[in-house]
file target_34.cif (mmCIF, C-alpha atoms)
data_final
loop_
_atom_site.label_atom_id
_atom_site.label_comp_id
_atom_site.auth_asym_id
_atom_site.auth_seq_id
_atom_site.Cartn_x
_atom_site.Cartn_y
_atom_site.Cartn_z
CA LEU A 1 9.69 341.21 231.82
CA ILE A 2 8.32 344.02 229.68
CA ALA A 3 9.31 347.44 231.03
CA GLY A 4 8.14 350.69 229.47
CA ASN A 5 9.82 354.05 230.00
CA TRP A 6 7.82 357.17 229.19
CA LYS A 7 10.81 359.45 229.82
CA SER A 8 9.73 363.12 229.90
CA ASN A 9 6.39 362.67 228.14
CA LYS A 10 2.63 362.91 228.73
CA THR A 11 0.38 365.14 230.77
CA THR A 12 -2.10 363.66 233.24
CA SER A 13 -4.94 363.74 230.71
CA GLU A 14 -2.77 362.08 228.06
CA ALA A 15 -1.76 359.40 230.55
CA MET A 16 -5.39 358.67 231.42
CA GLU A 17 -6.28 358.44 227.74
CA TRP A 18 -3.43 355.93 227.26
CA LEU A 19 -4.75 353.78 230.09
CA GLN A 20 -8.29 353.83 228.74
CA LYS A 21 -7.04 352.76 225.32
CA LEU A 22 -4.97 349.94 226.80
CA SER A 23 -7.90 348.80 228.92
CA ALA A 24 -10.11 348.66 225.82
CA ILE A 25 -7.62 346.46 223.96
CA SER A 26 -8.38 342.81 224.52
CA PHE A 27 -5.28 340.76 225.17
CA GLN A 28 -4.70 337.71 227.31
CA LEU A 29 -1.79 337.88 229.70
CA SER A 30 -0.69 335.15 232.07
CA ALA A 31 1.51 336.06 235.03
CA LYS A 32 3.59 333.01 234.10
CA GLU A 33 4.38 334.52 230.71
CA CYS A 34 5.64 337.99 231.62
CA SER A 35 5.45 340.83 234.10
CA ILE A 36 4.82 344.44 233.09
CA VAL A 37 6.46 347.52 234.62
CA LEU A 38 5.73 351.06 233.47
CA CYS A 39 8.16 353.81 234.50
CA VAL A 40 6.50 357.23 234.38
CA PRO A 41 7.33 360.83 235.41
CA PHE A 42 6.81 361.73 239.07
CA THR A 43 3.77 363.87 238.18
CA LEU A 44 1.94 360.78 236.93
CA LEU A 45 2.63 358.31 239.74
CA TYR A 46 -0.42 359.16 241.84
CA PRO A 47 -3.04 359.36 239.05
CA LYS A 48 -1.58 356.25 237.42
CA ARG A 49 -1.69 354.32 240.70
CA ARG A 50 -5.32 355.24 241.25
CA GLU A 51 -6.42 354.44 237.70
CA LEU A 52 -4.50 351.17 237.45
CA ASP A 53 -6.21 349.97 240.61
CA LEU A 54 -9.62 350.96 239.28
CA LEU A 55 -9.07 349.29 235.90
CA ARG A 56 -7.34 346.27 237.46
CA LEU A 57 -4.66 346.23 234.79
CA PRO A 58 -1.69 343.88 235.45
CA ILE A 59 0.88 346.68 235.40
CA LEU A 60 3.37 347.60 238.12
CA LEU A 61 4.51 351.21 238.44
CA GLY A 62 8.06 352.49 238.46
CA ALA A 63 9.63 355.90 239.00
CA GLN A 64 12.30 357.13 236.58
CA ASP A 65 14.70 358.42 239.22
CA VAL A 66 15.18 358.64 242.99
CA SER A 67 16.99 361.00 245.33
CA PRO A 68 20.37 359.91 246.72
CA PHE A 69 19.21 361.42 250.03
CA GLU A 70 16.59 360.60 252.63
CA ASP A 71 13.76 363.05 253.37
CA GLY A 72 15.03 366.49 254.31
CA ALA A 73 16.25 369.84 253.05
CA TYR A 74 16.87 368.77 249.45
CA THR A 75 14.67 371.04 247.36
CA GLY A 76 13.40 369.41 244.18
CA GLU A 77 14.33 365.87 245.17
CA ILE A 78 11.91 362.93 245.51
CA SER A 79 12.98 360.44 248.17
CA ALA A 80 12.65 356.67 248.00
CA ARG A 81 10.17 356.77 250.89
CA MET A 82 7.89 359.08 248.86
CA ILE A 83 8.12 356.83 245.80
CA LYS A 84 7.41 353.67 247.77
CA GLU A 85 3.95 355.00 248.63
CA LEU A 86 2.96 354.88 244.95
CA ALA A 87 5.32 352.58 243.05
CA GLU A 88 7.04 349.22 243.34
CA TRP A 89 9.97 349.90 241.04
CA VAL A 90 12.53 352.58 240.20
CA THR A 91 14.98 352.82 237.32
CA ILE A 92 18.48 354.05 238.14
CA GLY A 93 21.44 354.68 235.84
CA HIS A 94 19.58 355.13 232.57
CA SER A 95 21.92 356.18 229.76
CA GLU A 96 20.12 359.51 229.39
CA ARG A 97 20.64 360.30 233.09
CA ARG A 98 24.32 359.47 232.77
CA THR A 99 24.74 361.54 229.59
CA HIS A 100 22.55 364.60 230.14
CA PHE A 101 22.80 364.92 233.92
CA TYR A 102 26.38 363.65 234.37
CA GLU A 103 25.44 361.13 237.04
CA SER A 104 28.55 359.44 238.45
CA GLU A 105 28.92 355.86 239.64
CA GLU A 106 29.22 357.12 243.21
CA LEU A 107 25.93 359.02 242.95
CA LEU A 108 24.16 356.05 241.37
CA ILE A 109 25.30 353.73 244.17
CA ARG A 110 23.86 356.17 246.73
CA LYS A 111 20.55 356.09 244.86
CA VAL A 112 20.58 352.29 244.85
CA LEU A 113 21.18 352.22 248.60
CA GLN A 114 18.27 354.59 249.25
CA ALA A 115 15.94 352.58 247.00
CA LYS A 116 16.87 349.27 248.63
CA LYS A 117 16.47 350.74 252.10
CA GLU A 118 12.82 351.51 251.34
CA GLY A 119 12.15 348.18 249.62
CA LEU A 120 11.93 349.46 246.05
CA ARG A 121 12.90 347.05 243.29
CA ILE A 122 15.55 348.39 240.93
CA ILE A 123 16.06 348.39 237.17
CA TYR A 124 19.71 349.40 236.80
CA GLY A 125 20.80 350.68 233.40
CA ILE A 126 24.28 350.20 232.00
CA PRO A 127 25.55 351.32 228.56
CA ASP A 128 28.21 348.61 228.07
CA SER A 129 29.86 345.55 229.58
CA GLN A 130 32.58 347.63 231.26
CA THR A 131 30.17 349.56 233.50
CA SER A 132 29.95 348.13 236.99
CA VAL A 133 26.68 346.89 238.46
CA PRO A 134 25.96 347.46 242.18
CA SER A 135 25.11 344.39 244.22
CA ASP A 136 21.51 343.48 244.99
CA VAL A 137 19.81 345.21 242.05
CA ASP A 138 16.82 343.25 240.75
CA ILE A 139 17.19 343.88 237.03
CA VAL A 140 20.11 344.96 234.87
CA ALA A 141 19.11 346.78 231.67
CA TYR A 142 21.77 346.78 228.96
CA GLU A 143 21.12 349.97 226.98
CA PRO A 144 23.67 350.75 224.24
CA PRO A 145 23.44 354.56 223.71
CA SER A 146 23.61 354.15 219.93
CA ALA A 147 20.34 352.19 219.97
CA ILE A 148 18.31 354.45 222.28
CA GLY A 149 15.82 356.54 220.32
CA ALA A 150 17.19 355.22 217.03
CA GLY A 151 13.75 354.30 215.69
CA LYS A 152 14.97 350.79 214.98
CA SER A 153 17.37 348.75 217.04
CA ALA A 154 21.00 349.48 216.26
CA GLU A 155 22.05 346.15 217.76
CA ASP A 156 21.58 342.63 216.50
CA PRO A 157 19.74 340.39 219.02
CA ILE A 158 22.53 337.79 218.87
CA GLU A 159 25.15 340.45 219.59
CA ALA A 160 23.03 341.91 222.41
CA ASN A 161 22.78 338.44 223.90
CA LYS A 162 26.58 338.04 223.76
CA VAL A 163 27.10 341.35 225.57
CA ILE A 164 24.60 340.40 228.27
CA GLU A 165 26.31 337.02 228.70
CA ASP A 166 29.62 338.87 229.04
CA ILE A 167 28.17 341.21 231.68
CA THR A 168 26.74 338.28 233.64
CA VAL A 169 30.02 336.35 233.69
CA LYS A 170 32.44 339.25 234.23
CA GLN A 171 30.45 340.77 237.07
CA ASN A 172 29.35 337.48 238.61
CA ILE A 173 25.68 338.50 238.51
CA SER A 174 23.40 336.11 240.36
CA ALA A 175 20.93 333.86 238.59
CA GLU A 176 18.07 335.67 240.37
CA THR A 177 18.92 338.97 238.65
CA LEU A 178 17.02 339.49 235.39
CA MET A 179 18.97 340.77 232.38
CA ILE A 180 16.95 342.85 229.93
CA TYR A 181 17.72 344.79 226.74
CA GLY A 182 16.78 348.38 225.96
CA GLY A 183 17.28 350.12 222.64
CA SER A 184 14.43 350.88 220.23
CA VAL A 185 12.67 347.57 220.72
CA SER A 186 9.44 347.41 218.71
CA PRO A 187 6.52 344.99 218.29
CA GLU A 188 8.19 343.85 215.07
CA ASN A 189 11.55 342.88 216.60
CA ILE A 190 10.74 342.01 220.22
CA ALA A 191 10.37 338.28 219.56
CA SER A 192 13.92 338.06 218.23
CA PHE A 193 15.29 339.62 221.42
CA VAL A 194 13.31 337.66 224.01
CA ALA A 195 14.07 334.43 222.12
CA GLU A 196 17.75 334.81 223.02
CA PRO A 197 18.68 332.64 226.03
CA SER A 198 20.30 335.35 228.17
CA ILE A 199 17.75 338.12 227.52
CA ASP A 200 14.97 338.00 230.13
CA GLY A 201 12.95 340.92 228.79
CA ILE A 202 13.06 344.38 227.25
CA PHE A 203 13.07 348.04 228.28
CA SER A 204 11.09 350.07 225.74
CA GLY A 205 10.89 353.83 225.39
CA ARG A 206 9.18 355.05 222.22
CA ALA A 207 6.94 352.01 221.71
CA SER A 208 5.58 352.26 225.27
CA LEU A 209 4.13 355.72 224.57
CA ASP A 210 1.50 354.23 222.26
CA ALA A 211 -1.07 352.01 223.98
CA GLU A 212 -1.64 349.84 220.92
CA LYS A 213 2.08 349.31 220.31
CA PHE A 214 2.67 348.56 223.98
CA SER A 215 -0.09 345.96 223.88
CA GLU A 216 1.53 344.43 220.80
CA LEU A 217 4.88 344.32 222.60
CA ILE A 218 3.30 342.37 225.43
CA GLN A 219 1.40 340.02 223.16
CA ASN A 220 4.34 339.33 220.84
CA ALA A 221 6.66 338.71 223.79
CA SER A 222 4.11 336.34 225.33
CA ASN A 223 3.73 334.46 222.08
CA ALA A 224 7.49 334.19 221.65
#
call {"tool": "encode", "arguments": {"input": "target_34.cif", "output": "C-alpha cells"}}
result
Amino acid sequence: LIAGNWKSNKTTSEAMEWLQKLSAISFQLSAKECSIVLCVPFTLLYPKRRELDLLRLPILLGAQDVSPFEDGAYTGEISARMIKELAEWVTIGHSERRTHFYESEELLIRKVLQAKKEGLRIIYGIPDSQTSVPSDVDIVAYEPPSAIGAGKSAEDPIEANKVIEDITVKQNISAETLMIYGGSVSPENIASFVAEPSIDGIFSGRASLDAEKFSELIQNASNA
C-alpha cells in the first residue's frame, strides 16, 4: 500500500494541477501490485473526489483527521459521517497530531470508534513500539518522529522492519492488519523498505506533494 499525506498543503487549484500532472504521466499499475491512498486536507476532499472520478485514476481518498464526536454542536469539527460521503479512509494518531495538538490515547480511541461506526477504514499512526494500537484498525503506520520531514529517512529499513515485527508480536496484531512505514520515504529508498518482509507499504509526506515523485514511488514499489 502506498499512502500519501499532503498535511497542511495545497490550494484547490494546486491540487487540480497535481492531478492533471499525475494523469499525464504514463505508468502501469496493477491492483494486485499495490493500492494507493491519498490523505488530503478537508478543503480538498470534494474537488479531489470529483476530479479523481472524472480522470479514473486508481487512487482512494483519505481524510487527515476526524472528530471524536458525532454530528452536533461541535464548531469546527468534521464528523466521520461527513467524511464518509467523500472518502474511504482516514488517518488517526499521526505523530504531528500527537505532538502539536497534544492528542491523548483516550481521544484517539474515540476517533477510531467514530470512524469505524461510519465504515471508514483507518490508518493508525504510532511513533514507537510502546504505543498501543486500538483493535480493528485496518493499517498501522509506524512513524518514528525523528524521520518525519527529515529529507532522508533517519531509519534503516532493516531496523524499521524489526520495530514493526516487535509491534506485531507484542500487540498481537492480526494478520489482516497491514503494517506500513512512514518517515521521509523517497523514490530512491522505497524499494529497500517494501522489500522487508514485515513492511506492507509506506506512508509518504513530502514526496507525495510532487506528482512526478509520487508516480515514481508507485512505480518503484510495484517493481520491487
call {"tool": "atom_distance", "arguments": {"input": "target_34.cif", "atom1": "CA of Leu52 (chain A)", "atom2": "CA of Ile36 (chain A)"}}
result
12.3 Å
call {"tool": "resolve_selection", "arguments": {"input": "target_34.cif", "expression": "the PyMOL selection byres ((chain A and resi 190-194) around 12)", "output": "number ranges by chain"}}
result
A: 1-2, 33-34, 152-153, 155-162, 164, 179-189, 195-204, 207, 213-214, 216-224
call {"tool": "resolve_selection", "arguments": {"input": "target_34.cif", "expression": "the PyMOL selection byres ((chain A and resi 38-45) around 8)", "output": "ChimeraX atom specification"}}
result
/A:3-9,11-12,15,36-37,46-49,59-64,86-87,89-91
call {"tool": "resolve_selection", "arguments": {"input": "target_34.cif", "expression": "the PyMOL selection byres ((chain A and resi 69-76) around 10)", "output": "PyMOL selection string"}}
result
chain A and resi 66-68+77-82+110-111+113-115+117-118
call {"tool": "residues_around", "arguments": {"input": "target_34.cif", "residues": "Ile123 (chain A)", "least_positions_apart": "4", "cutoff": "7 Å", "atoms": "only C-alpha atoms", "output": "PyMOL selection string"}}
result
chain A and resi 90-92+137-141
call {"tool": "residues_around", "arguments": {"input": "target_34.cif", "residues": "region 170-172 of chain A", "least_positions_apart": "2", "cutoff": "9 Å", "atoms": "all atoms listed in the file", "output": "ChimeraX atom specification"}}
result
/A:129-130,132-133,165-168,174
call {"tool": "atom_distance", "arguments": {"input": "target_34.cif", "atom1": "CA of Ser208 (chain A)", "atom2": "CA of Ala147 (chain A)"}}
result
15.7 Å
call {"tool": "closest_residue", "arguments": {"input": "target_34.cif", "among": "A:Gln20, A:Ser135, A:Ser146, A:Thr99", "to": "Glu176 (chain A)", "atoms": "all atoms listed in the file"}}
result
A:Ser135
call {"tool": "atom_distance", "arguments": {"input": "target_34.cif", "atom1": "CA of Leu107 (chain A)", "atom2": "CA of Arg206 (chain A)"}}
result
26.9 Å
call {"tool": "closest_residue", "arguments": {"input": "target_34.cif", "among": "A:Thr131, A:Leu120, A:Tyr142, A:Arg56", "to": "Ser104 (chain A)", "atoms": "all atoms listed in the file"}}
result
A:Thr131
call {"tool": "axis_aligned_box", "arguments": {"input": "target_34.cif", "around": "region 74-84 of chain A", "padding_each_side": "3 Å", "output": "lines of an AutoDock Vina configuration file"}}
result
center_x = 12.1
center_y = 362.4
center_z = 247.5
size_x = 15.5
size_y = 23.4
size_z = 12.7
call {"tool": "closest_residue", "arguments": {"input": "target_34.cif", "among": "A:Glu212, A:Glu88, A:Glu51, A:Asp65", "to": "Phe101 (chain A)", "atoms": "all atoms listed in the file"}}
result
A:Asp65
